[in-house]
$ cat model.txt   # compact mmCIF, C-alpha atoms
# COMPACT_ATOMS: atom_id res chain seq x y z
CA MET A 1 0.00 0.00 0.00
CA ALA A 2 1.25 3.44 -0.94
CA SER A 3 2.00 5.88 1.85
CA PRO A 4 -0.88 8.29 2.55
CA LEU A 5 1.64 11.08 2.09
CA GLU A 6 2.59 10.00 -1.40
CA GLN A 7 -0.15 12.21 -2.84
CA PHE A 8 1.74 15.29 -1.64
CA GLU A 9 4.90 14.47 -3.54
CA ILE A 10 5.97 16.88 -6.19
CA HIS A 11 7.05 15.49 -9.55
CA PRO A 12 8.57 17.58 -12.27
CA ILE A 13 6.64 17.43 -15.54
CA ILE A 14 8.88 19.76 -17.55
CA PRO A 15 12.29 20.16 -15.90
CA LEU A 16 13.39 23.81 -15.91
CA GLN A 17 16.49 25.41 -14.51
CA MET A 18 16.98 29.12 -13.77
CA GLY A 19 20.61 29.73 -12.95
CA ASN A 20 21.24 26.89 -10.57
CA VAL A 21 17.72 27.01 -9.10
CA ASP A 22 15.26 24.29 -10.05
CA VAL A 23 12.03 25.89 -11.26
CA SER A 24 10.63 22.82 -13.01
CA PHE A 25 7.04 22.81 -14.15
CA THR A 26 5.63 20.28 -11.69
CA ASN A 27 2.27 18.69 -10.88
CA SER A 28 1.86 21.51 -8.36
CA SER A 29 2.51 24.11 -11.07
CA LEU A 30 0.05 22.36 -13.34
CA TYR A 31 -2.77 22.80 -10.84
CA MET A 32 -1.82 26.40 -10.22
CA VAL A 33 -2.01 27.07 -13.94
CA LEU A 34 -5.33 25.20 -14.08
CA THR A 35 -6.60 27.38 -11.25
CA VAL A 36 -5.68 30.51 -13.19
CA VAL A 37 -7.23 29.21 -16.40
CA ILE A 38 -10.45 28.11 -14.72
CA THR A 39 -10.83 31.27 -12.62
CA ALA A 40 -10.09 33.65 -15.49
CA GLY A 41 -12.17 31.54 -17.87
CA PHE A 42 -15.06 31.43 -15.40
CA VAL A 43 -15.22 35.20 -15.04
CA LEU A 44 -14.42 36.10 -18.65
CA LEU A 45 -16.71 33.47 -20.15
CA GLY A 46 -19.47 34.28 -17.69
CA MET A 47 -19.33 37.97 -18.55
CA ARG A 48 -18.96 37.60 -22.33
CA HIS A 49 -22.56 38.68 -23.03
CA ARG A 50 -22.59 41.39 -20.35
CA ALA A 51 -26.28 40.71 -20.16
CA LEU A 52 -28.62 42.95 -18.24
CA VAL A 53 -30.52 39.83 -17.22
CA PRO A 54 -27.77 37.33 -16.47
CA GLY A 55 -27.69 33.76 -17.67
CA ARG A 56 -26.63 30.87 -15.46
CA LEU A 57 -22.89 31.31 -15.77
CA GLN A 58 -23.05 35.08 -15.48
CA CYS A 59 -25.24 34.62 -12.42
CA ALA A 60 -22.59 32.41 -10.86
CA VAL A 61 -19.90 35.00 -11.61
CA GLU A 62 -21.99 37.79 -10.16
CA LEU A 63 -22.83 35.72 -7.10
CA SER A 64 -19.16 35.12 -6.33
CA TYR A 65 -18.44 38.78 -7.02
CA GLU A 66 -21.21 39.85 -4.69
CA PHE A 67 -20.16 37.33 -2.05
CA ILE A 68 -16.63 38.72 -1.84
CA ALA A 69 -17.78 42.33 -2.23
CA ASN A 70 -20.20 41.93 0.68
CA MET A 71 -17.57 40.22 2.81
CA LEU A 72 -15.17 43.08 2.16
CA ARG A 73 -17.81 45.74 2.79
CA ASP A 74 -18.95 44.11 6.03
CA THR A 75 -15.45 43.78 7.46
CA VAL A 76 -13.63 46.80 6.04
CA GLY A 77 -16.34 49.18 4.83
CA ASN A 78 -16.31 51.24 1.68
CA GLU A 79 -12.59 52.08 1.93
CA GLY A 80 -11.98 48.41 1.20
CA ARG A 81 -13.20 48.63 -2.39
CA LYS A 82 -9.67 49.32 -3.61
CA TYR A 83 -8.51 45.93 -2.36
CA PHE A 84 -11.43 44.03 -3.84
CA PRO A 85 -9.55 42.62 -6.86
CA PHE A 86 -6.81 41.30 -4.59
CA VAL A 87 -9.22 39.76 -2.10
CA PHE A 88 -11.24 38.23 -4.93
CA THR A 89 -8.07 36.76 -6.44
CA VAL A 90 -7.01 35.31 -3.09
CA PHE A 91 -10.42 33.73 -2.58
CA MET A 92 -10.67 32.22 -6.05
CA PHE A 93 -7.07 31.01 -6.00
CA VAL A 94 -7.39 29.24 -2.67
CA LEU A 95 -10.90 27.94 -3.40
CA LEU A 96 -9.94 26.50 -6.78
CA GLY A 97 -6.72 25.09 -5.33
CA ASN A 98 -8.69 23.33 -2.61
CA LEU A 99 -11.50 22.14 -4.86
CA LEU A 100 -9.27 20.93 -7.70
CA GLY A 101 -7.44 18.94 -5.05
CA MET A 102 -10.67 17.04 -4.36
CA THR A 103 -10.55 15.53 -7.85
CA PRO A 104 -9.16 11.98 -7.70
CA TYR A 105 -5.50 11.65 -8.79
CA SER A 106 -5.07 15.41 -8.65
CA PHE A 107 -2.68 17.48 -6.59
CA THR A 108 -3.59 20.01 -3.89
CA PHE A 109 -1.08 22.85 -4.00
CA THR A 110 -2.65 24.41 -0.88
CA SER A 111 -1.53 21.34 1.08
CA HIS A 112 2.04 22.63 0.89
CA ILE A 113 3.10 24.92 3.70
CA VAL A 114 5.51 26.79 1.46
CA VAL A 115 2.66 27.88 -0.84
CA THR A 116 0.24 28.86 1.91
CA PHE A 117 2.99 30.55 3.89
CA ALA A 118 4.15 32.52 0.86
CA LEU A 119 0.58 33.70 0.28
CA ALA A 120 0.04 34.50 3.96
CA PHE A 121 3.39 36.23 4.31
CA PHE A 122 2.75 38.32 1.22
CA ILE A 123 -0.62 39.37 2.66
CA PHE A 124 0.97 40.08 6.05
CA LEU A 125 3.69 42.16 4.42
CA GLY A 126 1.26 44.05 2.24
CA VAL A 127 -1.08 44.77 5.12
CA THR A 128 1.77 45.97 7.34
CA ILE A 129 3.05 48.28 4.61
CA LEU A 130 -0.50 49.52 4.11
CA GLY A 131 -0.79 50.25 7.83
CA PHE A 132 2.45 52.24 7.91
CA ALA A 133 1.57 54.08 4.71
CA LYS A 134 -1.78 55.05 6.14
CA HIS A 135 -0.86 55.90 9.72
CA GLY A 136 2.93 56.34 9.72
CA LEU A 137 4.51 55.65 13.11
CA HIS A 138 1.10 55.95 14.68
CA PHE A 139 0.57 52.41 13.38
CA PHE A 140 2.51 51.21 16.45
CA SER A 141 -0.43 52.24 18.61
CA PHE A 142 -2.10 49.17 17.16
CA PHE A 143 -0.08 47.11 19.63
CA LEU A 144 -1.71 48.87 22.56
CA PRO A 145 -5.45 48.46 22.85
CA PRO A 146 -6.99 51.79 23.87
CA GLY A 147 -7.88 52.17 27.54
CA THR A 148 -5.26 49.75 28.81
CA PRO A 149 -4.10 50.69 32.33
CA LEU A 150 -0.41 51.57 32.54
CA PRO A 151 0.69 48.58 34.67
CA MET A 152 -0.62 46.25 31.97
CA TRP A 153 1.50 47.82 29.22
CA PRO A 154 4.64 45.69 29.66
CA LEU A 155 2.49 42.59 29.49
CA LEU A 156 0.07 43.55 26.76
CA ILE A 157 2.42 45.12 24.25
CA PRO A 158 4.59 42.00 23.79
CA ILE A 159 1.46 39.84 23.56
CA GLU A 160 0.00 42.09 20.88
CA ILE A 161 3.27 42.15 18.95
CA ILE A 162 3.64 38.38 19.11
CA SER A 163 0.04 37.84 18.05
CA TYR A 164 0.56 40.26 15.17
CA LEU A 165 3.76 38.57 14.04
CA SER A 166 2.22 35.12 14.26
CA ARG A 167 -0.55 36.10 11.86
CA PRO A 168 1.15 34.78 8.71
CA ILE A 169 1.94 31.53 10.53
CA SER A 170 -1.58 30.97 11.84
CA LEU A 171 -3.10 31.98 8.51
CA SER A 172 -0.90 29.63 6.48
CA VAL A 173 -0.80 26.72 8.91
CA ARG A 174 -4.58 26.70 9.27
CA LEU A 175 -5.07 26.19 5.54
CA PHE A 176 -2.15 23.85 5.05
CA ALA A 177 -3.02 21.66 8.04
CA ASN A 178 -6.66 21.36 7.04
CA MET A 179 -5.77 20.27 3.55
CA LEU A 180 -3.03 17.93 4.70
CA ALA A 181 -5.15 16.29 7.38
CA GLY A 182 -8.21 15.90 5.19
CA HIS A 183 -6.41 14.37 2.27
CA THR A 184 -4.32 12.12 4.48
CA LEU A 185 -7.39 10.89 6.33
CA LEU A 186 -9.19 10.17 3.06
CA LYS A 187 -6.20 8.25 1.79
CA VAL A 188 -5.78 6.24 5.01
CA ILE A 189 -9.41 5.22 5.13
CA ALA A 190 -9.49 4.52 1.40
CA GLY A 191 -6.53 2.20 2.00
CA PHE A 192 -8.75 0.01 4.21
CA ILE A 193 -11.30 -0.62 1.46
CA ALA A 194 -9.22 -3.10 -0.53
CA VAL A 195 -7.68 -4.66 2.59
CA LEU A 196 -10.99 -5.45 4.29
CA GLY A 197 -12.58 -7.18 1.29
CA VAL A 198 -16.38 -7.28 1.58
CA ALA A 199 -16.30 -5.38 4.83
CA GLY A 200 -14.55 -2.68 2.84
CA VAL A 201 -18.04 -1.33 2.14
CA LEU A 202 -17.89 0.37 5.52
CA PRO A 203 -14.74 2.41 4.94
CA PHE A 204 -15.98 3.06 1.42
CA ALA A 205 -19.19 4.60 2.74
CA PHE A 206 -17.13 6.55 5.21
CA VAL A 207 -14.88 7.84 2.44
CA VAL A 208 -17.96 8.98 0.49
CA VAL A 209 -19.26 10.90 3.48
CA LEU A 210 -15.83 12.27 4.26
CA THR A 211 -15.39 13.45 0.68
CA GLY A 212 -18.49 15.58 1.11
CA LEU A 213 -17.10 16.94 4.34
CA GLU A 214 -13.77 17.65 2.67
CA ILE A 215 -15.49 19.62 -0.09
CA LEU A 216 -17.18 21.66 2.63
CA ILE A 217 -13.82 22.21 4.32
CA ALA A 218 -12.25 23.19 1.00
CA CYS A 219 -14.83 25.98 0.63
CA LEU A 220 -14.78 26.88 4.31
CA GLN A 221 -11.01 27.24 4.47
CA ALA A 222 -11.00 29.42 1.37
CA TYR A 223 -13.65 31.54 3.09
CA VAL A 224 -11.69 31.70 6.35
CA PHE A 225 -8.47 32.60 4.55
CA THR A 226 -10.25 35.38 2.69
CA ILE A 227 -12.17 36.83 5.61
CA LEU A 228 -8.98 36.93 7.70
CA THR A 229 -7.32 38.79 4.84
CA CYS A 230 -10.22 41.26 4.98
CA LEU A 231 -9.87 41.62 8.75
CA TYR A 232 -6.15 42.29 8.45
CA ILE A 233 -6.83 44.96 5.84
CA ASN A 234 -9.41 46.45 8.19
CA ASP A 235 -6.90 46.50 11.06
CA ALA A 236 -4.34 48.22 8.87
CA LEU A 237 -6.84 50.85 7.74
CA HIS A 238 -8.64 51.50 11.02
CA LEU A 239 -6.16 50.21 13.63
CA HIS A 240 -8.65 49.25 16.32
CA MET B 1 6.86 14.36 4.51
CA PRO B 2 7.05 15.96 1.04
CA GLN B 3 6.03 19.33 2.46
CA LEU B 4 9.36 19.66 4.20
CA ASP B 5 11.47 18.86 1.17
CA LEU B 6 13.40 22.08 0.72
CA SER B 7 14.49 21.17 -2.78
CA VAL B 8 10.97 21.69 -4.18
CA PHE B 9 10.43 25.06 -2.46
CA PRO B 10 11.88 27.26 -5.22
CA THR B 11 9.77 25.78 -8.00
CA GLN B 12 6.61 26.12 -5.92
CA LEU B 13 7.35 29.72 -5.02
CA PHE B 14 8.32 30.49 -8.59
CA TRP B 15 5.14 29.04 -10.04
CA LEU B 16 3.00 30.52 -7.30
CA ALA B 17 4.25 33.97 -8.27
CA LEU B 18 3.97 33.15 -11.96
CA THR B 19 0.33 32.12 -11.63
CA PHE B 20 -1.01 34.30 -8.83
CA ILE B 21 0.28 37.60 -10.21
CA PRO B 22 -1.12 37.12 -13.76
CA LEU B 23 -4.41 35.94 -12.29
CA TYR B 24 -4.53 39.07 -10.14
CA LEU B 25 -3.73 41.28 -13.12
CA ILE B 26 -6.31 39.60 -15.35
CA LEU B 27 -9.03 39.84 -12.73
CA TRP B 28 -8.11 43.36 -11.68
CA LYS B 29 -7.67 44.92 -15.12
CA VAL B 30 -9.96 42.91 -17.39
CA ALA B 31 -12.43 40.54 -15.77
CA LEU B 32 -13.74 42.29 -12.67
CA PRO B 33 -14.30 45.70 -14.34
CA ARG B 34 -16.69 43.92 -16.69
CA VAL B 35 -18.68 42.59 -13.77
CA THR B 36 -18.66 46.03 -12.14
CA GLU B 37 -19.72 47.67 -15.37
CA VAL B 38 -22.63 45.25 -15.91
CA ARG B 39 -23.81 45.66 -12.34
CA GLU B 40 -23.55 49.44 -12.52
CA SER B 41 -25.45 49.60 -15.78
CA ARG B 42 -28.08 47.29 -14.35
CA ARG B 43 -28.42 49.42 -11.26
CA GLY B 44 -28.60 52.54 -13.41
CA ARG B 45 -31.26 50.94 -15.56
CA ILE B 46 -33.30 49.84 -12.56
CA GLU B 47 -33.05 53.28 -11.00
CA ALA B 48 -34.04 54.93 -14.27
CA ASP B 49 -36.99 52.56 -14.59
CA LEU B 50 -38.05 53.23 -11.03
CA GLU B 51 -37.79 56.95 -11.62
CA LYS B 52 -39.86 56.63 -14.77
CA ALA B 53 -42.44 54.55 -12.94
CA GLU B 54 -42.53 57.18 -10.21
CA SER B 55 -43.09 60.01 -12.66
CA LEU B 56 -45.74 58.01 -14.53
CA LYS B 57 -47.43 57.32 -11.24
CA SER B 58 -47.51 60.99 -10.30
CA GLU B 59 -48.80 61.79 -13.77
CA ALA B 60 -51.56 59.23 -13.34
CA GLU B 61 -52.37 60.67 -9.94
CA ALA B 62 -52.56 64.17 -11.43
CA ALA B 63 -54.84 62.87 -14.17
CA LEU B 64 -57.03 61.21 -11.57
CA ALA B 65 -57.17 64.44 -9.57
CA ASP B 66 -58.13 66.35 -12.75
CA TYR B 67 -60.79 63.79 -13.47
CA ASP B 68 -62.18 64.04 -9.95
CA LYS B 69 -62.19 67.80 -10.21
CA ALA B 70 -63.99 67.70 -13.56
CA ILE B 71 -66.56 65.29 -12.12
CA ALA B 72 -67.12 67.52 -9.11
CA GLU B 73 -67.43 70.61 -11.30
CA ALA B 74 -69.86 68.89 -13.65
CA SER B 75 -72.04 67.65 -10.83
CA ALA B 76 -72.03 71.07 -9.19
CA LYS B 77 -73.00 72.58 -12.53
CA ALA B 78 -75.75 70.02 -13.01
CA LEU B 79 -77.11 70.68 -9.55
CA GLU B 80 -77.01 74.41 -10.23
CA SER B 81 -78.90 74.07 -13.48
CA VAL B 82 -81.47 71.81 -11.85
CA ARG B 83 -81.98 74.45 -9.18
CA GLU B 84 -82.12 77.17 -11.79
CA ALA B 85 -84.71 75.28 -13.76
CA GLY B 86 -86.75 74.66 -10.63
CA ARG B 87 -86.59 78.32 -9.69
CA LYS B 88 -87.55 79.40 -13.18
CA MET B 89 -90.47 76.99 -13.24
CA SER B 90 -91.78 78.16 -9.87
CA GLU B 91 -91.33 81.78 -10.95
CA ASP B 92 -93.31 81.10 -14.14
CA ALA B 93 -96.00 79.36 -12.18
CA GLU B 94 -96.16 82.25 -9.74
CA ARG B 95 -96.36 84.78 -12.52
CA GLN B 96 -99.11 82.87 -14.28
CA ARG B 97 -100.97 82.47 -11.06
CA GLU B 98 -100.69 86.21 -10.38
CA ALA B 99 -101.80 87.07 -13.90
CA LEU B 100 -104.77 84.76 -13.53
CA ALA B 101 -105.62 86.22 -10.15
CA ALA B 102 -105.41 89.75 -11.54
CA LYS B 103 -107.59 88.81 -14.44
CA LEU B 104 -110.09 87.17 -12.15
CA SER B 105 -110.20 90.14 -9.80
CA ASP B 106 -110.66 92.46 -12.79
CA GLN B 107 -113.52 90.36 -13.97
CA LEU B 108 -114.91 90.25 -10.46
CA ALA B 109 -114.67 94.02 -10.14
CA GLU B 110 -116.31 94.48 -13.52
CA ALA B 111 -119.09 92.07 -12.58
CA GLU B 112 -119.62 93.86 -9.28
CA LYS B 113 -119.71 97.18 -11.06
CA ARG B 114 -122.24 95.86 -13.51
CA ILE B 115 -124.33 94.47 -10.66
CA SER B 116 -124.25 97.76 -8.80
CA ASP B 117 -125.12 99.66 -11.99
CA GLU B 118 -127.99 97.32 -12.54
CA LYS B 119 -129.00 97.78 -8.97
CA THR B 120 -128.78 101.58 -9.20
CA ARG B 121 -130.77 101.50 -12.42
CA ALA B 122 -133.30 99.13 -10.89
CA ILE B 123 -133.63 101.32 -7.84
CA GLY B 124 -134.12 104.37 -10.12
CA ASP B 125 -136.70 102.44 -12.09
CA ILE B 126 -138.58 101.53 -8.93
CA GLY B 127 -139.50 105.22 -8.41
CA THR B 128 -140.75 105.53 -12.00
CA ILE B 129 -142.69 102.26 -11.89
CA ALA B 130 -144.13 103.12 -8.46
CA GLY B 131 -145.17 106.58 -9.78
CA GLU B 132 -146.83 105.10 -12.82
CA LEU B 133 -148.45 102.42 -10.68
CA ALA B 134 -149.66 105.04 -8.18
CA GLN B 135 -151.03 107.23 -10.99
CA ALA B 136 -152.83 104.32 -12.59
CA SER B 137 -154.26 102.93 -9.33
CA ALA B 138 -155.28 106.45 -8.10
CA SER B 139 -157.00 107.19 -11.40
CA ARG B 140 -158.86 103.93 -11.05
CA LEU B 141 -159.82 104.59 -7.45
CA ILE B 142 -160.92 108.18 -7.80
CA GLY B 143 -161.87 108.01 -11.43
CA GLY B 144 -160.19 111.26 -12.24
CA GLU B 145 -157.09 112.15 -14.07
CA ILE B 146 -154.01 112.63 -11.88
CA GLY B 147 -150.82 114.10 -13.37
CA LEU B 148 -147.78 111.90 -13.58
CA ASP B 149 -145.64 114.58 -11.93
CA GLU B 150 -147.95 114.70 -8.91
CA ALA B 151 -147.89 110.91 -8.54
CA ASN B 152 -144.11 110.86 -8.82
CA ALA B 153 -143.77 113.56 -6.16
CA ALA B 154 -146.11 111.65 -3.85
CA VAL B 155 -144.16 108.45 -4.32
CA ALA B 156 -140.85 110.26 -3.77
CA SER B 157 -142.21 111.77 -0.52
CA VAL B 158 -143.39 108.37 0.69
CA ILE B 159 -139.98 106.85 -0.12
CA ARG B 160 -138.25 109.73 1.62
CA ASP B 161 -140.53 109.33 4.72
CA SER B 162 -140.06 105.57 4.92
CA ALA B 163 -136.33 105.84 4.44

$ encode --input "model.txt" --output "structure tokens"
Amino acid sequence: MASPLEQFEIHPIIPLQMGNVDVSFTNSSLYMVLTVVITAGFVLLGMRHRALVPGRLQCAVELSYEFIANMLRDTVGNEGRKYFPFVFTVFMFVLLGNLLGMTPYSFTFTSHIVVTFALAFFIFLGVTILGFAKHGLHFFSFFLPPGTPLPMWPLLIPIEIISYLSRPISLSVRLFANMLAGHTLLKVIAGFIAVLGVAGVLPFAFVVVLTGLEILIACLQAYVFTILTCLYINDALHLH
Amino acid sequence: MPQLDLSVFPTQLFWLALTFIPLYLILWKVALPRVTEVRESRRGRIEADLEKAESLKSEAEAALADYDKAIAEASAKALESVREAGRKMSEDAERQREALAAKLSDQLAEAEKRISDEKTRAIGDIGTIAGELAQASASRLIGGEIGLDEANAAVASVIRDSA
């Protein structure tokens, strides 16, 4: 039986070298490209008629648009409109990455910590720069909740700074761990089907149910990742 | 665990950047503006339609008010003309009645006058007839001729005494 972690292995499809760095086109890259093609195709194809009364596909595009726009408006307010394209891209990228990973024999690029951490760190960096650009040095007041009594300062400021710095880690690990655990669990239980023979019906049924749950988690984690991005943008714009 | 294999980090980061950034640019510059544009135009259209509906509604309300006013005016006018006609008719009737009454009283006065004339004449005649009667009956009684003037005077004195 193959290891449950085998599905996370990265195989080069087209070996590429840049200087002495390996930048091969891999199975991971393939699914990233697919994500881009599907997302861009979804929106562009859906909007090709620009119909006043939308068809099914255009309706789906507008629904996702509205979903993200509402999320951004509810968490950030109207100042958040500028960041809508970025937030929308993050959502679609993570969602498609998670959902494409649910296809049998596919690869889930969001199950790799380096990918999720890079995304999270980029967001963290961007949001921090945004905060300093907007508030200058006053941004440091973010680490002191208003109304804190003076004796609490030495305790609270380090806690706030640590919690702020751990944001990219919590954001990336949450997504990565969910994907890793879900896919591993599916694989482990699926491994029992052939081993148990007729009784394999039980793990099979379980895998079916779990697949549904995993699809839910795929959507949920994309949602969580996106709404946290919105909240970070809100913090940077409004401090507290 | 393949996730911790450092040798595959560069390719993943490279392809992440190479896919995420173009996707962002496509969505930001091309795809999402189309969605925004369609939604804006739809909202504009809906607002315009609502505005139009509002103005049509107020127009209809104005027309209804005009109609109500016209109805009220017409009924007031009708009532007025009914009253006018009634007044005219009663005036006519009154006038006719008065004319009739005047005519009747004229006739009555004329008849009374005629009666009194007749009466006066009859009373005048009584003297003459009584004189003639007295002359004739006296002539018969005494067998002589008595003048009409004397008889008349006698009658007149009797009438004067009995009056």

$ residues_near_point --input "model.txt" --point "(10.6, 16.8, -10.5)" --cutoff "9 Å" --atoms "all atoms listed in the file" --output "list in words"
Ile10, His11, Pro12, Ile13, Ile14, Pro15, Asp22, Ser24, Phe25, Thr26 and Asn27 of chain A; Val8 of chain B

$ interface_residues --input "model.txt" --of "chain B" --to "chain A" --cutoff "8 Å" --atoms "only C-alpha atoms" --output "PyMOL selection string"
chain B and resi 1-3+7-16+19-20+23-24+26-28+31-32+34-35+38+41-42

$ atom_distance --input "model.txt" --atom1 "atom CA of A:Thr108" --atom2 "atom CA of B:Lys29"
27.6 Å

$ axis_aligned_box --input "model.txt" --around "stretch 62-65 of chain B" --padding-each-side "8 Å" --output "AutoDock Vina command-line options"
--center_x -54.9 --center_y 62.8 --center_z -11.9 --size_x 20.6 --size_y 19.2 --size_z 20.6

$ residues_around --input "model.txt" --residues "B:Thr128" --least-positions-apart "2" --cutoff "12 Å" --atoms "all atoms listed in the file" --output "list in words"
Arg121, Ala122, Ile123, Gly124, Asp125, Ile126, Ala130, Gly131, Glu132, Leu133, Ala134, Gln135, Leu148, Asp149, Ala151, Asn152, Ala153, Ala154, Val155, Ala156 and Ile159 of chain B

$ atom_distance --input "model.txt" --atom1 "atom CA of A:Glu79" --atom2 "atom CA of A:His238"
9.9 Å

$ atom_distance --input "model.txt" --atom1 "atom CA of A:Leu57" --atom2 "atom CA of A:Gly212"
23.5 Å

$ residues_around --input "model.txt" --residues "B:Glu145" --least-positions-apart "4" --cutoff "10 Å" --atoms "all atoms listed in the file" --output "ChimeraX atom specification"
/B:135-136,138-140

$ residues_around --input "model.txt" --residues "stretch 202-210 of chain A" --least-positions-apart "2" --cutoff "7 Å" --atoms "all atoms listed in the file" --output "NGL selection string"
:A and (186 or 189-190 or 192-193 or 199-200 or 212-214)

$ residues_around --input "model.txt" --residues "stretch 161-167 of chain A" --least-positions-apart "6" --cutoff "10 Å" --atoms "all atoms listed in the file" --output "number ranges by chain"
A: 120-121, 123-124, 128, 140, 142-144, 173, 228, 232

$ write_last_selection --input "model.txt" --atoms "C-alpha atoms" --output "PDB file, in the coordinates of the input"
ATOM      1  CA  ALA A 120       0.040  34.500   3.960  1.00  0.00           C
ATOM      2  CA  PHE A 121       3.390  36.230   4.310  1.00  0.00           C
ATOM      3  CA  ILE A 123      -0.620  39.370   2.660  1.00  0.00           C
ATOM      4  CA  PHE A 124       0.970  40.080   6.050  1.00  0.00           C
ATOM      5  CA  THR A 128       1.770  45.970   7.340  1.00  0.00           C
ATOM      6  CA  PHE A 140       2.510  51.210  16.450  1.00  0.00           C
ATOM      7  CA  PHE A 142      -2.100  49.170  17.160  1.00  0.00           C
ATOM      8  CA  PHE A 143      -0.080  47.110  19.630  1.00  0.00           C
ATOM      9  CA  LEU A 144      -1.710  48.870  22.560  1.00  0.00           C
ATOM     10  CA  VAL A 173      -0.800  26.720   8.910  1.00  0.00           C
ATOM     11  CA  LEU A 228      -8.980  36.930   7.700  1.00  0.00           C
ATOM     12  CA  TYR A 232      -6.150  42.290   8.450  1.00  0.00           C
TER      13      TYR A 232
END
